[in-house]
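Here is the structure we will look at.
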Amino acid sequence: MNSKFAIATFCYSERYQNQVNRMISEIDTCDFKPTVVVVTDNVNNILDKPFVKKFDISEFNPEYKTYSDTYYSFDFSVKRYSVLAALNLGFTKIILTDADAVPNKSLFTEDYIMKGFVSNSIQGQVTYNFSQQINTNSELGKRFLSYEQYFNVSYDKNLLDFMPEDCIQFLDIEMPKFYNFLRIWDECIKHKKNKGLSNTPAGNIDEMCFSALHCGLSVGNNSDKCMNALTPIHDKWYDSSFTPTVTEEPVKKRKVILTSIYELFYIKERGEGLYKSFPLLTQTIRNIIFDDYEYIIYTNKSTYEKYNLLEVFPQNNITFKFVELNSEYYQTVLKPIKERRVIEGEIWDRIHSVENYIEVIYNKLEFMLQESIDENSLIVWLDSGLFGTSCSNGWRDYMNEICHTKNFIDKIFEKIETYDFISLLGNSILVNYEIKEKINRKFNTNLKVVPGCLFGGQSKLISSYLENYKQIAKDLIDTLNDYTSEQEILFLCLENKNMKFFEFEDWDDLQRGMLKIMDNYDETKYDRSSCTSYKFPNQENHEIDFNNLDFTQIADIFGIDKGSLHEGHMYTTTYEKYLTKYKDSTPVIVEIGVNDTRFPGGCLKFWDVIYKQMEYYGFDIVDCSNLSYNKNKITIFQGDQNNSNNILEFVYKFNLPNRIDVIIDDGSHISEHILTSFKTFFPFIKKGGLYFIEDLHAGWAEREKTIDSIKSLLRNEEYTEIDESNHKLLIIKK
């Protein structure tokens with residue numbers, strides 16, 4: 001073997017053999033030449049190269065020699081013989097690919113490709129919602145269930161959320177398991193034929209993945225690790241007659257970048273100030289105007305005239321389109337909801353507190369539809385201030401540097417031409433708990449967030465994918481008695497569509513998705529921990545004067561969720577109102593729940609800089625010894641807030657009875673746990689002390705039930721005050 005892995009493929013007839021020869025010729029021009037294993041019905045038609053190993057299909061199964069001449073009757077399970085051929089050569093790491101793949105020469109190195117293999121697994125480069133195929137009783141789902149019945153087994157369908165599409169797969173399997181895997185695959189095919197089950201759709205995914213599960217192998221998606229090392233170049237080869245096609249000069253596609261620029265202001269309850277400055281709002285779009293593309297900017301007359309946009313954007317390839325805000329849809333459907341939510345006190349979330357914000361973000365979907373009428377277009381939405389307002393603080397300058405370039409735009413359209421439609425996808429972005437559960441139930445989904453900052457594709461797909469967005473928005477409003485952002489609507493529009501998601505984790509990790517689009521993401525070098533924290537000067541040198549900052553500014557510096565970041569909780573305004581009186585004393589503070597992987601130790605640092613002197617005791621169910629904090633003022637105890645004995649042990653260990661000034665419950669947010677903690681802790685607070693319970697808007701906090709239970713517990717307390725005016729934060733004063 002001259003490489004650590006083999007590329008295995010199958011081809012029949014001259015058309016597919018020409019595709020494989022194209023792959024071989026392209027690899028031959030690369031510095032790195034892995035072994036290519038080709039199983040075919042005519043080995044003489046395959047190029048002879050030192051790195052190519054050729055096998056006649058008759059050596060494995062003569063039935064496939066002249067198996068079929070039509071795409072939809074062809075059984076793509078024949079590709080298992082390509083795997084078997086590579087296995088017989090001694091390879092246990094195999095890339096199984098269709099005939100039409102070619103190397104991406106900028107990524108095609110052995111070290112890079114090896115990152116795509118995961119031990120004892122099959123990894124694909126395209127996700128496929130397999131479990132939905134089963135739930136909807138599709139032909140593919142019927143086949144899978146039939147295999148389960150035949151083998152008398154049943155698998156957890158949740159394991160099938162991410163199944164590799166049958167274009168390019170990375171197989172890395174121990175030798176004994178490999179042969180058993182192929183044997184089970186064979187049995188599935190025999191069963192399929194005996195039962196007369198359909199061959200389509202989705203080629204060989206069902207029996208391949210059933211066999212993997214049956215043999216204890218995992219299945220998944222490796223686009224994070226080895227994206228685009230091989231690229232499928234789809235030819236028009238699926239017509240039933242297989243007659244030669246006339247090569248025509250390809251029609252040149254319009255490449256359009258779409259955005260909007262609207263100056264928006266906070267509502268009067270938030271002071272009517274400017275939401276985002278014009279330079280910040282337009283930072284990205286001003287830097288990415290290049291001659292090769294068309295740009296369409298939607299705006300209104302007031303913004304256009306105030307900033308003289310024609311001078312800001314004098315280029316000939318820019319078109320301005322005017323759409324005024326306060327549309328009928330906004331006035332009659334969206335604005336009444338906003339006004340109700342503001343009366344209820346929801347003035348910190350920008351969706352409700354910025355005038356017309358919800359209209360502007362919904363409009364981007366409408367504008368995409370309007371511009372997709374021309375079928376000969378590739379259209380991408382790109383927020384005009386993308387890198388001024390997205391990506392974590394530490395990464396922003398770097399992302400500006402690499403993305404304010406023509407290469408960035410070239411890469412976006414390159415991905416669209418490869419995948420037809422692309423978008424970002426946040427896997428671990430927190431969504432309001434109650435909203436998420438309601439949406440999941442309503443749409444039978446597992447809600448994630450598709451950032452509206454960058455998405456797009458072929459115009460015909462835009463029309464198809466987004467055409468029902470208003471109906472989805474209506475369903476959401478009916479379900480929630482509220483609206484949500486375009487990010488959730490986009491997920492519901494794009495879920496299960498034939499497209500490419502560039503995935504990342506939470507908002508502080510957004511740059512990961514961008515780097516993937518750029519082919520600039522290297523898992524071995526990417527270190528979000530060194531970039532995501534705010535790069536403030538060393539506080540010990542007093543380069544930041546925390547005395548001149550309010551509680552919200554301090555919270556935002558440390559990136560925690562008590563201030564304006566992360567759902568805009570703004571608990572800091574309440575804490576400042578109630579707790580400023582302790583600044584010149586030595587308060588005793590107890591906080592339940594101090595470990596948060598989004599901002600490790602951030603809350604500890606927050607209280608540390610606010611109170612020059614204090615006794616702070618953190619109580620958490622996980623071991624927090626790895627956190628960095630000021631041990632002179634801060635003590636951490638590991639315990640379960642739903643266990644009274646744990647709490648009592650904690651209280652007496654640190655001599656806390658009748659010494660506690662403040663307790664903050666930022667723990668599990670589960671009603672039962674909240675009540676256990678309150679019943680056990682509250683008697684130990686001083687008179688005049690304060691008990692805060694955060695995040696009561698969480699679904700499992702069962703807000704009304706929890707508050708009623710607390711009132712019942714306190715009915716004999718003579719001097720207790722309860723403030724429940726904040727929907728998210730309960731305040732009890734003893």
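Just remember, in the structure tokens the first chain shown is A, the second B, etc., residues are 1-based per chain, and ligands are 1-based in the order shown.
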Exercise for review: Write out as a list in words the residues lying within 9 Å of Ile710 of chain A, counting only C-alpha atoms and excluding same-chain residues fewer than 4 positions away.
Suggested key: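 Neighbouring residues, sequence-local ones excluded: Leu675, Phe678, Lys679, Lys705, Thr706, Leu714 and Arg715 of chain A.
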So that I have them on file, write out the residues from the current selection with N, CA and C atoms, as a PDB file, in the first residue's frame.
```
ATOM      1  N   LEU A 675     -37.936  24.728  44.800  1.00  0.00           N
ATOM      2  CA  LEU A 675     -38.689  24.705  46.056  1.00  0.00           C
ATOM      3  C   LEU A 675     -37.905  24.020  47.176  1.00  0.00           C
ATOM      4  N   PHE A 678     -35.348  26.544  48.305  1.00  0.00           N
ATOM      5  CA  PHE A 678     -35.947  27.670  49.023  1.00  0.00           C
ATOM      6  C   PHE A 678     -36.359  27.262  50.443  1.00  0.00           C
ATOM      7  N   LYS A 679     -37.049  26.119  50.565  1.00  0.00           N
ATOM      8  CA  LYS A 679     -37.501  25.670  51.885  1.00  0.00           C
ATOM      9  C   LYS A 679     -36.336  25.489  52.851  1.00  0.00           C
ATOM     10  N   LYS A 705     -46.889  27.912  39.247  1.00  0.00           N
ATOM     11  CA  LYS A 705     -46.956  26.889  40.295  1.00  0.00           C
ATOM     12  C   LYS A 705     -45.886  27.129  41.352  1.00  0.00           C
ATOM     13  N   THR A 706     -44.680  27.482  40.912  1.00  0.00           N
ATOM     14  CA  THR A 706     -43.570  27.702  41.839  1.00  0.00           C
ATOM     15  C   THR A 706     -43.844  28.903  42.740  1.00  0.00           C
ATOM     16  N   LEU A 714     -44.641  30.762  52.776  1.00  0.00           N
ATOM     17  CA  LEU A 714     -44.358  31.993  53.520  1.00  0.00           C
ATOM     18  C   LEU A 714     -45.601  32.593  54.181  1.00  0.00           C
ATOM     19  N   ARG A 715     -46.702  31.883  54.170  1.00  0.00           N
ATOM     20  CA  ARG A 715     -47.950  32.504  54.648  1.00  0.00           C
ATOM     21  C   ARG A 715     -47.875  32.911  56.119  1.00  0.00           C
TER      22      ARG A 715
END
```
Practice item. Please report, as a PyMOL selection string, each residue of segment 307-372 of chain A to which DSSP assigns strand (DSSP E) when run on this structure's backbone. Key: chain A and resi 318-322
Keeping only N, CA and C atoms, write the selected residues to a file as a PDB file, in the first residue's frame.
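Writing done, so here's out_13.pdb:
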```
ATOM      1  N   ILE A 318     -24.265  48.363  -7.928  1.00  0.00           N
ATOM      2  CA  ILE A 318     -25.150  48.399  -6.759  1.00  0.00           C
ATOM      3  C   ILE A 318     -26.495  48.999  -7.164  1.00  0.00           C
ATOM      4  N   THR A 319     -27.570  48.304  -6.781  1.00  0.00           N
ATOM      5  CA  THR A 319     -28.928  48.802  -7.015  1.00  0.00           C
ATOM      6  C   THR A 319     -29.602  49.032  -5.667  1.00  0.00           C
ATOM      7  N   PHE A 320     -30.198  50.198  -5.494  1.00  0.00           N
ATOM      8  CA  PHE A 320     -30.972  50.481  -4.288  1.00  0.00           C
ATOM      9  C   PHE A 320     -32.454  50.232  -4.568  1.00  0.00           C
ATOM     10  N   LYS A 321     -33.116  49.602  -3.609  1.00  0.00           N
ATOM     11  CA  LYS A 321     -34.558  49.405  -3.701  1.00  0.00           C
ATOM     12  C   LYS A 321     -35.190  49.911  -2.405  1.00  0.00           C
ATOM     13  N   PHE A 322     -36.270  50.660  -2.554  1.00  0.00           N
ATOM     14  CA  PHE A 322     -36.876  51.312  -1.400  1.00  0.00           C
ATOM     15  C   PHE A 322     -38.120  50.563  -0.951  1.00  0.00           C
TER      16      PHE A 322
END
```
Practice item. Run DSSP on the backbone and give me the residues of segment 581-632 of chain A it puts in alpha helix (DSSP H), as a list in words. Key: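 Reading the DSSP output for segment 581-632 of chain A, alpha helix (DSSP H) covers Gly602, Cys603, Leu604, Lys605, Phe606, Trp607, Asp608, Val609 and Ile610 of chain A.
The space separating atom CA of Glu486 of chain A from atom CA of Glu294 of chain A comes to 24.4 Å.
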Exercise for review: Identify which of the residues A:Ala85, A:Tyr521, A:Val354, A:Phe151 lies closest to Leu274 of chain A, counting only C-alpha atoms when measuring atom-to-atom distances.
Suggested key: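 Looking only at the distances to Leu274 of chain A, the closest residue turns out to be A:Val354.
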Check your understanding: So how far away is atom CA of Asn642 of chain A from atom CA of Ile592 of chain A, in Å?
Key ->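 If I compute the distance from atom CA of Ile592 of chain A to atom CA of Asn642 of chain A, I get 10.9 Å.
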Practice item. Excluding segment 425-439 of chain A and any residue of its chain fewer than 2 positions from it, enumerate the residues within 9 Å of it, using only C-alpha atoms, and give them as a VMD selection string. Key: chain A and resid 423 441 to 451 476 479 to 480 484 491 501 to 507 509 to 510 513 566 to 567 697 to 700
Practice item. Find the spatial neighbours of Ser198 of chain A, counting only C-alpha atoms, within a cut-off of 9 Å - ignore same-chain residues fewer than 5 positions away - and output them as a PyMOL selection string. Key: chain A and resi 73+139-140+143+192-193
Point to revise | Shell around Leu466 of chain A at 8 Å using only C-alpha atoms, local window under 3 positions removed, as a list in words | key: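 Listed by chain and then number, they are Leu365, Leu369, Ile462, Ser463, Tyr469, Leu490, Cys493 and Leu494 of chain A.
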Neighbour list for Glu724 of chain A as a PDB file with N, CA and C atoms, in the first residue's frame, cut-off 12 Å, only C-alpha atoms, skip fewer than 2 positions in-chain:
```pdb
ATOM      1  N   GLU A 344     -46.102  44.057  29.137  1.00  0.00           N
ATOM      2  CA  GLU A 344     -45.792  42.991  30.089  1.00  0.00           C
ATOM      3  C   GLU A 344     -44.380  43.117  30.660  1.00  0.00           C
ATOM      4  N   GLY A 345     -43.592  44.072  30.148  1.00  0.00           N
ATOM      5  CA  GLY A 345     -42.256  44.311  30.697  1.00  0.00           C
ATOM      6  C   GLY A 345     -41.123  43.720  29.889  1.00  0.00           C
ATOM      7  N   PHE A 692     -33.153  35.729  45.474  1.00  0.00           N
ATOM      8  CA  PHE A 692     -33.469  35.922  44.058  1.00  0.00           C
ATOM      9  C   PHE A 692     -33.554  34.556  43.368  1.00  0.00           C
ATOM     10  N   ILE A 693     -34.571  34.372  42.544  1.00  0.00           N
ATOM     11  CA  ILE A 693     -34.696  33.141  41.748  1.00  0.00           C
ATOM     12  C   ILE A 693     -34.695  33.543  40.279  1.00  0.00           C
ATOM     13  N   GLU A 694     -33.651  33.143  39.552  1.00  0.00           N
ATOM     14  CA  GLU A 694     -33.485  33.529  38.153  1.00  0.00           C
ATOM     15  C   GLU A 694     -34.180  32.544  37.210  1.00  0.00           C
ATOM     16  N   LEU A 696     -37.146  32.170  35.740  1.00  0.00           N
ATOM     17  CA  LEU A 696     -38.452  31.548  35.950  1.00  0.00           C
ATOM     18  C   LEU A 696     -39.245  31.407  34.657  1.00  0.00           C
ATOM     19  N   HIS A 697     -38.757  31.996  33.568  1.00  0.00           N
ATOM     20  CA  HIS A 697     -39.435  31.825  32.284  1.00  0.00           C
ATOM     21  C   HIS A 697     -39.130  30.465  31.669  1.00  0.00           C
ATOM     22  N   ARG A 703     -43.443  28.548  36.378  1.00  0.00           N
ATOM     23  CA  ARG A 703     -43.422  29.817  37.115  1.00  0.00           C
ATOM     24  C   ARG A 703     -44.601  29.990  38.069  1.00  0.00           C
ATOM     25  N   GLU A 704     -45.824  29.885  37.560  1.00  0.00           N
ATOM     26  CA  GLU A 704     -46.998  30.168  38.394  1.00  0.00           C
ATOM     27  C   GLU A 704     -47.101  29.180  39.554  1.00  0.00           C
ATOM     28  N   THR A 706     -44.680  27.482  40.912  1.00  0.00           N
ATOM     29  CA  THR A 706     -43.570  27.702  41.839  1.00  0.00           C
ATOM     30  C   THR A 706     -43.844  28.903  42.740  1.00  0.00           C
ATOM     31  N   ILE A 707     -44.326  29.996  42.156  1.00  0.00           N
ATOM     32  CA  ILE A 707     -44.612  31.190  42.960  1.00  0.00           C
ATOM     33  C   ILE A 707     -45.723  30.912  43.963  1.00  0.00           C
ATOM     34  N   ASP A 708     -46.773  30.218  43.532  1.00  0.00           N
ATOM     35  CA  ASP A 708     -47.865  29.882  44.455  1.00  0.00           C
ATOM     36  C   ASP A 708     -47.356  29.026  45.615  1.00  0.00           C
ATOM     37  N   ILE A 710     -44.291  28.979  46.846  1.00  0.00           N
ATOM     38  CA  ILE A 710     -43.462  29.818  47.728  1.00  0.00           C
ATOM     39  C   ILE A 710     -44.354  30.686  48.618  1.00  0.00           C
ATOM     40  N   LYS A 711     -45.413  31.254  48.043  1.00  0.00           N
ATOM     41  CA  LYS A 711     -46.338  32.063  48.847  1.00  0.00           C
ATOM     42  C   LYS A 711     -46.972  31.224  49.953  1.00  0.00           C
ATOM     43  N   GLU A 721     -41.693  40.238  51.849  1.00  0.00           N
ATOM     44  CA  GLU A 721     -42.217  40.909  50.659  1.00  0.00           C
ATOM     45  C   GLU A 721     -41.825  40.095  49.431  1.00  0.00           C
ATOM     46  N   ILE A 722     -42.752  39.959  48.494  1.00  0.00           N
ATOM     47  CA  ILE A 722     -42.473  39.221  47.255  1.00  0.00           C
ATOM     48  C   ILE A 722     -42.719  40.145  46.070  1.00  0.00           C
ATOM     49  N   ASN A 726     -41.187  41.038  37.560  1.00  0.00           N
ATOM     50  CA  ASN A 726     -40.295  40.622  36.472  1.00  0.00           C
ATOM     51  C   ASN A 726     -40.623  39.177  36.108  1.00  0.00           C
ATOM     52  N   HIS A 727     -40.981  38.958  34.851  1.00  0.00           N
ATOM     53  CA  HIS A 727     -41.420  37.624  34.418  1.00  0.00           C
ATOM     54  C   HIS A 727     -40.323  36.571  34.608  1.00  0.00           C
ATOM     55  N   LYS A 728     -39.066  37.006  34.580  1.00  0.00           N
ATOM     56  CA  LYS A 728     -37.955  36.047  34.612  1.00  0.00           C
ATOM     57  C   LYS A 728     -37.297  35.925  35.986  1.00  0.00           C
ATOM     58  N   LEU A 729     -37.463  36.945  36.858  1.00  0.00           N
ATOM     59  CA  LEU A 729     -36.707  37.018  38.101  1.00  0.00           C
ATOM     60  C   LEU A 729     -37.655  37.280  39.268  1.00  0.00           C
ATOM     61  N   LEU A 730     -37.670  36.360  40.250  1.00  0.00           N
ATOM     62  CA  LEU A 730     -38.496  36.525  41.449  1.00  0.00           C
ATOM     63  C   LEU A 730     -37.627  37.046  42.589  1.00  0.00           C
ATOM     64  N   ILE A 731     -38.189  37.992  43.374  1.00  0.00           N
ATOM     65  CA  ILE A 731     -37.440  38.596  44.478  1.00  0.00           C
ATOM     66  C   ILE A 731     -38.241  38.417  45.755  1.00  0.00           C
ATOM     67  N   ILE A 732     -37.624  37.824  46.768  1.00  0.00           N
ATOM     68  CA  ILE A 732     -38.260  37.654  48.073  1.00  0.00           C
ATOM     69  C   ILE A 732     -37.397  38.354  49.109  1.00  0.00           C
ATOM     70  N   LYS A 733     -37.981  39.299  49.852  1.00  0.00           N
ATOM     71  CA  LYS A 733     -37.270  40.013  50.913  1.00  0.00           C
ATOM     72  C   LYS A 733     -37.803  39.548  52.257  1.00  0.00           C
TER      73      LYS A 733
END
```
**Study point:** Interatomic distance (Å, one decimal) between atom CA of Gln123 of chain A and atom CA of Phe170 of chain A
**Key:** 4.9 Å
Exercise for review: May I have the residues within 10 Å of Met114 of chain A as a VMD selection string, using only C-alpha atoms and disregarding those fewer than 2 positions away in the same chain?
Suggested key: chain A and resid 4 to 5 93 109 to 112 116 to 118 170 225 to 226
Let's have the selection written as a compact mmCIF listing (two decimals), in the first residue's frame, with C-alpha atoms.
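This went into out-v6.txt:
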```txt
# COMPACT_ATOMS: atom_id res chain seq x y z
CA LYS A 4 -2.99 4.90 4.61
CA PHE A 5 -6.40 4.69 2.97
CA LYS A 93 -9.75 2.97 6.02
CA THR A 109 -3.30 15.88 1.32
CA GLU A 110 -3.02 12.67 3.28
CA ASP A 111 -2.81 14.46 6.64
CA TYR A 112 -5.92 16.50 5.94
CA GLY A 116 -12.11 12.54 8.22
CA PHE A 117 -11.85 8.99 9.53
CA VAL A 118 -13.45 8.08 12.86
CA PHE A 170 -15.41 7.61 5.13
CA LYS A 225 -13.21 17.34 9.92
CA CYS A 226 -12.71 16.83 6.20
```
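For the set A:Ile289, A:Gly216, A:Thr92, A:Glu207, the residue with the smallest atom-to-atom gap to Lys190 of chain A is A:Glu207, counting only C-alpha atoms.
Compared by their closest atoms to Ile173 of chain A, and using only C-alpha atoms, the residues A:Asp206, A:Ile379, A:Ile189, A:Ser121 rank with A:Ser121 nearest.
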Exercise for review: Give the answer as one residue: which of A:Ala86, A:Phe91, A:Lys157, A:Asn152 has the shortest atom-to-atom distance to Ile134 of chain A, using only C-alpha atoms?
Suggested key: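 Result for the nearest residue to Ile134 of chain A: A:Lys157.
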